[in-house]
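Reproduced below: entry_27.cif, with mmCIF, C-alpha atoms and all ligand atoms.
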```cif
data_my_file
loop_
_atom_site.label_atom_id
_atom_site.label_comp_id
_atom_site.auth_asym_id
_atom_site.auth_seq_id
_atom_site.Cartn_x
_atom_site.Cartn_y
_atom_site.Cartn_z
CA MET P 1 99.24 76.12 118.34
CA ALA P 2 100.22 76.07 122.01
CA ASP P 3 103.07 73.56 121.54
CA THR P 4 104.99 74.98 118.63
CA ARG P 5 104.94 78.67 118.02
CA LYS P 6 106.25 79.41 114.57
CA LEU P 7 107.72 82.83 114.06
CA LEU P 8 109.02 84.28 110.80
CA ILE P 9 111.60 87.01 111.28
CA LEU P 10 111.95 89.46 108.38
CA PRO P 11 114.52 92.13 109.34
CA GLY P 12 114.55 93.84 105.91
CA ASP P 13 116.66 96.89 105.14
CA GLY P 14 118.35 99.91 106.72
CA ILE P 15 118.03 99.90 110.48
CA GLY P 16 115.69 96.87 110.27
CA PRO P 17 118.42 94.26 110.96
CA GLU P 18 119.94 96.41 113.75
CA VAL P 19 116.73 96.83 115.72
CA MET P 20 115.67 93.22 115.01
CA ARG P 21 118.88 92.00 116.68
CA GLU P 22 117.67 93.56 119.95
CA ALA P 23 114.21 91.99 119.61
CA ARG P 24 115.87 88.60 119.08
CA ARG P 25 117.76 89.01 122.32
CA ILE P 26 114.41 89.40 124.05
CA LEU P 27 113.21 86.21 122.35
CA ASP P 28 116.33 84.43 123.69
CA TRP P 29 115.54 85.80 127.12
CA LEU P 30 111.96 84.48 126.97
CA ASP P 31 113.34 81.06 126.04
CA ARG P 32 116.03 80.97 128.72
CA LYS P 33 114.24 82.62 131.59
CA ARG P 34 110.57 81.82 131.07
CA GLY P 35 110.62 78.63 129.02
CA ILE P 36 108.75 80.24 126.15
CA HIS P 37 110.10 78.75 122.99
CA PHE P 38 109.59 79.87 119.41
CA GLU P 39 110.50 78.01 116.26
CA LEU P 40 112.27 80.72 114.28
CA GLU P 41 112.66 81.16 110.55
CA ASP P 42 114.62 84.08 109.19
CA ASP P 43 114.38 85.44 105.67
CA LEU P 44 115.13 88.34 103.35
CA VAL P 45 112.51 90.89 102.40
CA GLY P 46 112.37 94.23 100.60
CA GLY P 47 115.59 95.63 99.15
CA ALA P 48 117.68 92.81 100.62
CA SER P 49 115.49 90.34 98.74
CA ILE P 50 115.65 92.40 95.53
CA ASP P 51 119.46 92.27 95.67
CA ALA P 52 119.62 88.54 96.35
CA ARG P 53 116.61 87.29 94.37
CA GLY P 54 115.40 90.05 92.12
CA THR P 55 112.07 90.47 93.90
CA PRO P 56 111.05 92.22 97.16
CA LEU P 57 108.84 89.30 98.24
CA SER P 58 109.79 85.89 96.87
CA ASP P 59 107.39 82.94 96.65
CA GLY P 60 109.54 81.13 99.21
CA THR P 61 109.23 83.98 101.71
CA LEU P 62 105.50 84.16 101.13
CA ALA P 63 105.23 80.42 101.77
CA LEU P 64 107.13 80.81 105.05
CA ALA P 65 104.81 83.70 105.94
CA ARG P 66 101.72 81.59 105.30
CA ASP P 67 103.13 78.82 107.43
CA ALA P 68 104.06 81.06 110.38
CA ASP P 69 101.84 81.79 113.37
CA ALA P 70 103.18 85.32 113.36
CA ILE P 71 105.66 87.50 111.48
CA LEU P 72 108.04 89.94 113.12
CA PHE P 73 108.95 92.47 110.46
CA GLY P 74 111.69 95.13 110.56
CA ALA P 75 111.59 97.76 107.82
CA VAL P 76 112.12 97.95 104.07
CA GLY P 77 113.34 100.47 101.52
CA GLY P 78 116.25 102.81 100.93
CA PRO P 79 117.96 105.00 98.34
CA ALA P 80 119.52 102.01 96.55
CA TRP P 81 116.11 100.92 95.28
CA GLU P 82 114.36 104.27 94.84
CA LYS P 83 114.73 104.34 91.08
CA LEU P 84 113.06 100.99 90.54
CA GLY P 85 109.63 100.86 88.92
CA PHE P 86 106.65 101.43 91.16
CA ASP P 87 105.72 97.74 91.24
CA LYS P 88 109.27 96.50 91.95
CA ARG P 89 110.16 98.59 94.96
CA PRO P 90 110.90 97.20 98.43
CA GLU P 91 107.62 98.62 99.83
CA ILE P 92 105.69 96.23 97.56
CA ALA P 93 106.68 93.47 99.99
CA ILE P 94 104.52 95.03 102.72
CA LEU P 95 101.55 95.48 100.42
CA GLY P 96 102.02 91.94 99.08
CA LEU P 97 102.07 90.42 102.57
CA ARG P 98 98.98 92.39 103.57
CA ARG P 99 97.12 91.31 100.45
CA GLU P 100 98.25 87.66 100.26
CA LEU P 101 97.70 86.95 103.95
CA GLY P 102 94.50 88.99 104.18
CA LEU P 103 95.95 91.27 106.87
CA PHE P 104 93.07 93.72 106.90
CA ALA P 105 93.26 95.30 110.35
CA ASN P 106 96.27 97.48 111.00
CA LEU P 107 96.53 98.43 114.68
CA ARG P 108 98.63 101.52 115.31
CA PRO P 109 98.82 102.64 118.92
CA ALA P 110 99.99 106.18 119.63
CA LYS P 111 100.98 106.25 123.26
CA VAL P 112 102.86 108.90 125.17
CA TYR P 113 105.15 107.43 127.81
CA ASP P 114 105.43 109.71 130.82
CA PRO P 115 109.23 110.04 130.70
CA LEU P 116 108.90 111.17 127.06
CA VAL P 117 106.21 113.82 127.41
CA SER P 118 108.67 116.56 126.51
CA ALA P 119 109.73 114.76 123.30
CA SER P 120 106.45 115.84 121.71
CA THR P 121 106.30 119.09 119.81
CA LEU P 122 102.93 119.69 121.47
CA LYS P 123 102.50 121.15 124.94
CA PRO P 124 102.86 118.56 127.74
CA GLU P 125 99.31 119.14 128.98
CA VAL P 126 97.94 118.33 125.52
CA VAL P 127 99.70 114.96 125.22
CA ARG P 128 100.41 113.70 128.74
CA GLY P 129 98.76 110.29 129.17
CA LEU P 130 97.75 110.10 125.51
CA ASP P 131 96.81 106.56 124.48
CA ILE P 132 95.09 106.26 121.10
CA MET P 133 94.60 103.11 119.07
CA ILE P 134 94.17 103.72 115.36
CA VAL P 135 92.64 100.78 113.51
CA ARG P 136 93.38 101.24 109.85
CA GLU P 137 91.76 99.07 107.18
CA SER P 138 94.72 97.69 105.25
CA THR P 139 93.70 95.44 102.35
CA GLY P 140 91.10 97.57 100.61
CA GLY P 141 90.22 101.10 99.65
CA ILE P 142 92.21 103.17 97.21
CA TYR P 143 95.39 101.14 97.72
CA PHE P 144 93.88 98.13 95.98
CA GLY P 145 90.69 99.38 94.27
CA GLU P 146 90.06 98.85 90.56
CA PRO P 147 90.21 100.42 88.08
CA ARG P 148 93.72 101.67 88.59
CA GLY P 149 96.58 102.55 86.30
CA ILE P 150 98.09 105.17 84.07
CA GLU P 151 96.81 105.72 80.54
CA THR P 152 97.70 108.09 77.76
CA LEU P 153 94.80 110.07 76.38
CA PRO P 154 94.29 110.78 72.66
CA ASP P 155 95.51 114.35 73.19
CA GLY P 156 98.78 113.04 74.65
CA GLN P 157 98.02 113.83 78.29
CA ARG P 158 98.57 111.13 80.86
CA ARG P 159 95.79 110.11 83.24
CA GLY P 160 96.43 108.37 86.57
CA VAL P 161 93.53 106.50 88.16
CA ASN P 162 92.95 104.98 91.59
CA THR P 163 89.64 103.94 93.04
CA GLU P 164 88.32 104.17 96.58
CA VAL P 165 85.95 101.27 97.11
CA TYR P 166 84.55 99.52 100.19
CA THR P 167 81.98 96.75 100.57
CA THR P 168 79.80 96.00 103.59
CA SER P 169 81.82 92.96 104.65
CA GLU P 170 85.16 94.78 104.39
CA ILE P 171 83.83 97.54 106.64
CA GLU P 172 82.20 95.14 109.09
CA ARG P 173 85.27 93.00 109.67
CA VAL P 174 87.55 95.94 110.47
CA GLY P 175 84.74 97.53 112.47
CA ARG P 176 84.49 94.40 114.62
CA VAL P 177 88.19 94.55 115.40
CA ALA P 178 87.83 98.19 116.48
CA PHE P 179 84.69 97.63 118.59
CA ASN P 180 86.25 94.58 120.24
CA LEU P 181 89.34 96.57 121.15
CA ALA P 182 87.15 99.37 122.48
CA GLN P 183 85.37 96.96 124.80
CA GLY P 184 88.70 96.32 126.52
CA ARG P 185 89.45 100.05 126.73
CA THR P 186 87.10 103.00 127.31
CA LYS P 187 84.32 101.74 125.02
CA ARG P 188 84.55 104.65 122.62
CA VAL P 189 85.11 104.41 118.87
CA ALA P 190 85.49 107.28 116.42
CA SER P 191 84.84 106.21 112.83
CA VAL P 192 86.55 108.42 110.28
CA GLU P 193 85.66 108.95 106.59
CA LYS P 194 84.53 111.65 104.17
CA SER P 195 80.85 110.83 103.86
CA ASN P 196 80.16 114.44 102.96
CA VAL P 197 81.80 114.00 99.55
CA MET P 198 82.36 110.27 98.97
CA GLU P 199 79.83 107.49 98.44
CA SER P 200 82.31 104.95 99.84
CA GLY P 201 82.47 107.13 102.95
CA LEU P 202 78.70 107.20 103.28
CA VAL P 203 78.52 103.40 103.07
CA TRP P 204 81.35 103.22 105.63
CA ARG P 205 79.41 105.43 108.06
CA GLN P 206 76.12 103.57 107.64
CA VAL P 207 77.71 100.12 108.02
CA MET P 208 79.59 101.20 111.17
CA THR P 209 76.38 102.51 112.72
CA ALA P 210 74.45 99.33 111.89
CA LEU P 211 77.26 97.15 113.25
CA ARG P 212 77.42 99.07 116.52
CA ASP P 213 73.63 98.87 116.94
CA ALA P 214 73.50 95.15 116.15
CA GLU P 215 76.58 93.81 117.94
CA PHE P 216 78.17 96.42 120.21
CA PRO P 217 75.40 98.45 121.84
CA ASP P 218 77.66 99.14 124.84
CA VAL P 219 80.20 101.03 122.71
CA GLU P 220 79.81 104.74 122.04
CA LEU P 221 80.31 105.46 118.34
CA THR P 222 81.00 108.90 116.93
CA HIS P 223 81.53 109.80 113.28
CA VAL P 224 84.28 112.25 112.40
CA LEU P 225 85.13 113.58 108.95
CA ALA P 226 88.76 112.86 108.11
CA ASP P 227 89.87 116.48 107.71
CA ASN P 228 88.27 117.43 111.02
CA CYS P 229 89.88 114.38 112.64
CA ALA P 230 93.33 115.59 111.57
CA MET P 231 92.58 118.98 113.11
CA GLN P 232 91.15 117.51 116.32
CA LEU P 233 94.13 115.18 116.71
CA VAL P 234 96.43 118.18 116.91
CA ARG P 235 94.03 120.38 118.90
CA ALA P 236 92.88 117.94 121.60
CA PRO P 237 94.11 114.41 120.90
CA LYS P 238 92.97 112.94 124.22
CA GLN P 239 89.32 113.11 123.13
CA PHE P 240 90.05 109.98 121.04
CA ASP P 241 90.44 106.40 122.17
CA VAL P 242 89.90 103.88 119.34
CA VAL P 243 89.82 105.40 115.85
CA VAL P 244 88.73 103.20 112.94
CA THR P 245 89.26 104.36 109.39
CA THR P 246 90.03 103.54 105.78
CA ASN P 247 93.37 102.53 104.34
CA LEU P 248 94.41 105.94 103.01
CA PHE P 249 93.03 108.09 105.83
CA GLY P 250 94.57 105.63 108.29
CA ASP P 251 97.94 105.96 106.60
CA LEU P 252 97.84 109.74 107.03
CA LEU P 253 96.24 109.94 110.45
CA SER P 254 98.47 107.28 111.99
CA ASP P 255 101.58 109.21 110.99
CA LEU P 256 100.02 112.31 112.47
CA ALA P 257 99.03 110.53 115.68
CA GLY P 258 102.47 108.94 115.87
CA GLN P 259 104.17 112.29 115.73
CA LEU P 260 102.02 113.54 118.62
CA THR P 261 104.10 111.22 120.78
CA GLY P 262 107.33 112.89 119.68
CA SER P 263 109.08 109.77 118.56
CA LEU P 264 108.13 107.47 115.75
CA GLY P 265 111.04 105.37 117.01
CA MET P 266 108.84 104.26 119.91
CA LEU P 267 105.78 103.06 118.01
CA PRO P 268 104.93 99.44 117.24
CA SER P 269 102.09 98.14 115.08
CA ALA P 270 100.18 94.96 114.39
CA THR P 271 98.38 93.90 111.24
CA LEU P 272 95.86 91.12 111.74
CA GLY P 273 93.96 88.79 109.45
CA ALA P 274 90.68 87.01 110.05
CA VAL P 275 90.40 84.44 112.83
CA ARG P 276 90.49 81.00 111.19
CA PRO P 277 88.32 78.07 112.23
CA ASP P 278 91.37 76.60 114.08
CA GLY P 279 91.49 79.75 116.20
CA GLY P 280 94.69 81.11 114.67
CA ARG P 281 95.06 84.18 112.51
CA HIS P 282 97.79 85.53 110.26
CA ALA P 283 99.48 88.50 111.85
CA LEU P 284 102.43 90.75 111.16
CA TYR P 285 104.12 93.02 113.69
CA GLU P 286 106.37 95.91 112.72
CA PRO P 287 107.69 99.19 114.03
CA ILE P 288 106.22 102.10 112.12
CA HIS P 289 109.50 104.02 111.81
CA GLY P 290 110.69 102.57 108.52
CA SER P 291 114.23 101.77 107.42
CA ALA P 292 115.82 105.18 108.24
CA PRO P 293 118.67 104.83 105.71
CA ASP P 294 120.26 108.06 106.97
CA ILE P 295 121.26 106.44 110.27
CA ALA P 296 121.52 102.80 109.16
CA GLY P 297 124.65 100.87 110.06
CA ARG P 298 125.70 103.25 112.81
CA GLY P 299 124.19 101.50 115.79
CA ALA P 300 122.22 104.66 116.57
CA ALA P 301 118.67 103.47 115.90
CA ASN P 302 116.08 103.16 118.64
CA PRO P 303 115.22 99.46 119.05
CA LEU P 304 112.25 100.10 121.35
CA ALA P 305 109.55 100.12 118.64
CA GLN P 306 110.79 96.74 117.40
CA ILE P 307 110.85 95.42 120.96
CA LEU P 308 107.35 96.81 121.60
CA SER P 309 106.20 95.18 118.34
CA LEU P 310 107.40 91.89 119.79
CA ALA P 311 105.33 92.64 122.91
CA MET P 312 102.26 93.18 120.71
CA LEU P 313 103.02 89.87 118.99
CA LEU P 314 103.10 88.05 122.33
CA ARG P 315 99.80 89.64 123.34
CA TYR P 316 97.76 89.38 120.14
CA SER P 317 99.09 86.19 118.54
CA PHE P 318 99.94 84.05 121.57
CA GLU P 319 97.95 85.45 124.49
CA LEU P 320 101.21 85.82 126.40
CA THR P 321 99.78 88.85 128.13
CA ALA P 322 101.99 88.68 131.21
CA GLU P 323 105.18 88.55 129.15
CA ALA P 324 103.98 91.39 126.90
CA ALA P 325 103.31 93.51 129.99
CA LEU P 326 106.76 92.66 131.42
CA ILE P 327 108.47 93.87 128.29
CA GLU P 328 106.40 97.06 128.13
CA ALA P 329 107.11 97.78 131.78
CA ALA P 330 110.83 97.18 131.24
CA VAL P 331 110.82 99.70 128.38
CA VAL P 332 109.13 102.32 130.57
CA ARG P 333 111.68 101.76 133.35
CA VAL P 334 114.61 102.12 130.94
CA LEU P 335 113.16 105.45 129.82
CA ALA P 336 112.51 106.52 133.40
CA ASN P 337 116.18 105.73 134.17
CA GLY P 338 117.12 108.41 131.66
CA LEU P 339 118.48 106.32 128.78
CA ARG P 340 117.77 107.82 125.36
CA THR P 341 118.67 107.03 121.78
CA ALA P 342 119.33 110.03 119.54
CA ASP P 343 115.73 110.27 118.27
CA ILE P 344 114.34 110.85 121.79
CA MET P 345 117.36 112.60 123.31
CA ALA P 346 116.56 115.16 126.01
CA PRO P 347 118.73 117.54 128.04
CA GLY P 348 120.35 115.73 130.96
CA ALA P 349 119.59 112.25 129.63
CA ALA P 350 122.22 109.63 128.78
CA ARG P 351 122.58 109.09 125.06
CA VAL P 352 123.02 105.45 124.08
CA GLY P 353 123.10 103.38 120.91
CA THR P 354 120.95 100.50 119.72
CA GLY P 355 122.81 97.71 121.52
CA VAL P 356 123.06 99.48 124.88
CA MET P 357 119.34 100.29 124.76
CA GLY P 358 118.48 96.65 124.02
CA GLU P 359 120.83 95.52 126.79
CA ALA P 360 119.15 97.93 129.23
CA VAL P 361 115.75 96.40 128.52
CA LEU P 362 117.20 92.93 129.18
CA ARG P 363 118.72 94.12 132.46
CA GLU P 364 115.32 95.44 133.56
CA LEU P 365 113.69 92.14 132.58
CA ASP P 366 116.30 90.28 134.63
CA LYS P 367 115.19 92.19 137.73
CA VAL P 368 111.77 90.57 137.53
CA PRO P 369 111.58 87.66 140.01
CA GLN P 370 111.35 84.44 137.96
C1 LIG H 401 102.71 102.44 106.10
C2 LIG H 401 103.52 102.82 104.91
C3 LIG H 401 103.04 101.96 103.74
C4 LIG H 401 101.61 102.34 103.45
C5 LIG H 401 103.89 102.05 102.47
C6 LIG H 401 105.36 101.82 102.76
C7 LIG H 401 103.39 101.11 101.42
O1 LIG H 401 103.42 104.18 104.66
O2 LIG H 401 102.73 101.26 106.49
O3 LIG H 401 102.05 103.34 106.65
O4 LIG H 401 101.34 103.34 102.79
O5 LIG H 401 100.74 101.60 103.91
MG MG H 402 102.39 105.26 106.13
#
```
Let me see the file written as structure tokens.
Ligand code: IPM
Ligand code: MG
Amino acid sequence: MADTRKLLILPGDGIGPEVMREARRILDWLDRKRGIHFELEDDLVGGASIDARGTPLSDGTLALARDADAILFGAVGGPAWEKLGFDKRPEIAILGLRRELGLFANLRPAKVYDPLVSASTLKPEVVRGLDIMIVRESTGGIYFGEPRGIETLPDGQRRGVNTEVYTTSEIERVGRVAFNLAQGRTKRVASVEKSNVMESGLVWRQVMTALRDAEFPDVELTHVLADNCAMQLVRAPKQFDVVVTTNLFGDLLSDLAGQLTGSLGMLPSATLGAVRPDGGRHALYEPIHGSAPDIAGRGAANPLAQILSLAMLLRYSFELTAEAALIEAAVVRVLANGLRTADIMAPGAARVGTGVMGEAVLRELDKVPQ
């Protein structure tokens, strides 16, 4: 794995291709300035793939994804495809990649960068220094549970069914990811479910406790009910460090946590599979902001979440920790210099577009002695 690093680039729809362009410039920089070379493949996904091939995730793309050491993903979806059937929409590509590659651990950091404290709708003292890592289970639970479907009852009513279901091994493997991360942070994990009303939640709680006791006795584990967690995240978010939770609760709580930072345009994510015997693991990295069709094509999007997703990719898939840290530091300096895209604009700051923001990160990287 050390010699050839295979990367699949899936820009997708909306602002996806625009922000991906800036991430690719960073990849070029790594190649030119630090001799870190990636073998790149580029393909269509989501709406772009529907238009060209009639499906949001083609077999060919899936094969490239299986073959890659890591996937850098942009965003999918948009009004052009909104009327398509539920199972044909661009978003199905994300679910398909998660399922087919076994990407079960979705890491969603919510970090407040000092220069952006005032971008949050919460008081500065509540969010300053905030650094939460939400670990969301992403191949199980109600998103994939059976039975599911829509049926018509004898009396003509329709009935929609989805099933929340978790097994011991599904809970353990995502729990291990969370506890491992916690060991490199403040050694605290909050496990979130609804064990007061759901059997799957009770199993979740019991398995997490047993796992902590057996394998991670140095980590402090607390259990938080999902509704209370939502409330606590808004009331006093800094009480949390690593949060581990189910697919659906993680979907909701990670949006909430993301908004605490004031800009979804800043937030990267990683979705990891199991470590294989050869030491590698499937992994997909994507900004959480989505395709933002309302600003697509205008060069106004914030490329920093895509660039920070690339930093996560370097760190988690290739152990290029120094390079990841360089990129993250460059992003912070660009913000400290007062550059802002529209989504994080503040009084007195300089408003710039996607390309200028990407360029500014490169200029900061160039200042690092090689
Ligand atoms: C996310 C998104 C997806 C999800 C959708 C687009 C399928 O909301 O990644 O959080 O619900 O998982
Ligand atoms: Mg979501």
Item to check | Minimum-distance residue to ligand MG 402 (chain H), chosen among P:Ile327, P:Leu253, P:Val361, P:Ala342 (using only C-alpha atoms and all ligand atoms) | outcome: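 Using only C-alpha atoms and all ligand atoms, ligand MG 402 (chain H) sits closest to P:Leu253.
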Checklist outcome for this item: From the list P:Thr261, P:Ser191, P:Thr271, P:Ser309, the nearest residue to ligand LIG 401 (chain H) using all atoms listed in the file is P:Thr271
Next on the checklist: Could you list, as a list of chain:residue names, all protein and nucleic acid residues with an atom at most 7 Å from ligand LIG 401 (chain H), counting only C-alpha atoms and all ligand atoms?
Outcome noted: P:Glu91, P:Ile92, P:Ile94, P:Leu95, P:Asp251, P:Ile288
Write out as AutoDock Vina command-line options an axis-aligned box for range 197-216 of chain P: all of its atoms listed in the file, 4 Å added on each side, centre and edge lengths in Å with one decimal.
```
--center_x 78.0 --center_y 103.9 --center_z 109.3 --size_x 17.0 --size_y 28.2 --size_z 29.8
```
Next on the checklist: Just want the 8 Å neighbourhood of Leu304 in chain P, counted on all atoms listed in the file, with same-chain residues fewer than 4 positions away dropped. Output as a list in words.
Outcome noted: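 Near Leu304 in chain P, the qualifying residues are Val19, Gly265, Met266, Leu267, Leu308, Val331, Met357 and Gly358 of chain P.
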Item to check | Selected residue of minimal separation from ligand MG 402 (chain H) among P:Leu202, P:Leu248, P:Ala283, P:Leu64, counting all atoms listed in the file | outcome: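 When distances to ligand MG 402 (chain H) are compared using all atoms listed in the file, the smallest one comes from P:Leu248.
Atom pair CA of Leu57 in chain P / CA of Ala93 in chain P has a distance of 5.0 Å (rounded to one decimal).
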Checklist entry - Which one of P:Leu264, P:Val368, P:Ala178, P:Val243 sits closest to ligand MG 402 (chain H) if you count all atoms listed in the file? => result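 That would be P:Leu264, the residue with the smallest distance to ligand MG 402 (chain H).
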Item to check | Option closest in space to Tyr143 in chain P, from P:Arg333, P:Lys367, P:His289, P:Arg99 [counting only C-alpha atoms] | outcome: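 Closest to Tyr143 in chain P of all the choices is P:Arg99.
Closest approach to ligand MG 402 (chain H) among P:Asn180, P:Asn106, P:Thr121, P:Ser317 is made by P:Asn106 (distances from all atoms listed in the file).
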Next on the checklist: Using Å and a single decimal, report how far CA of Arg281 in chain P sits from CA of Arg24 in chain P.
Outcome noted: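 Here the two named atoms are 22.3 Å from each other.
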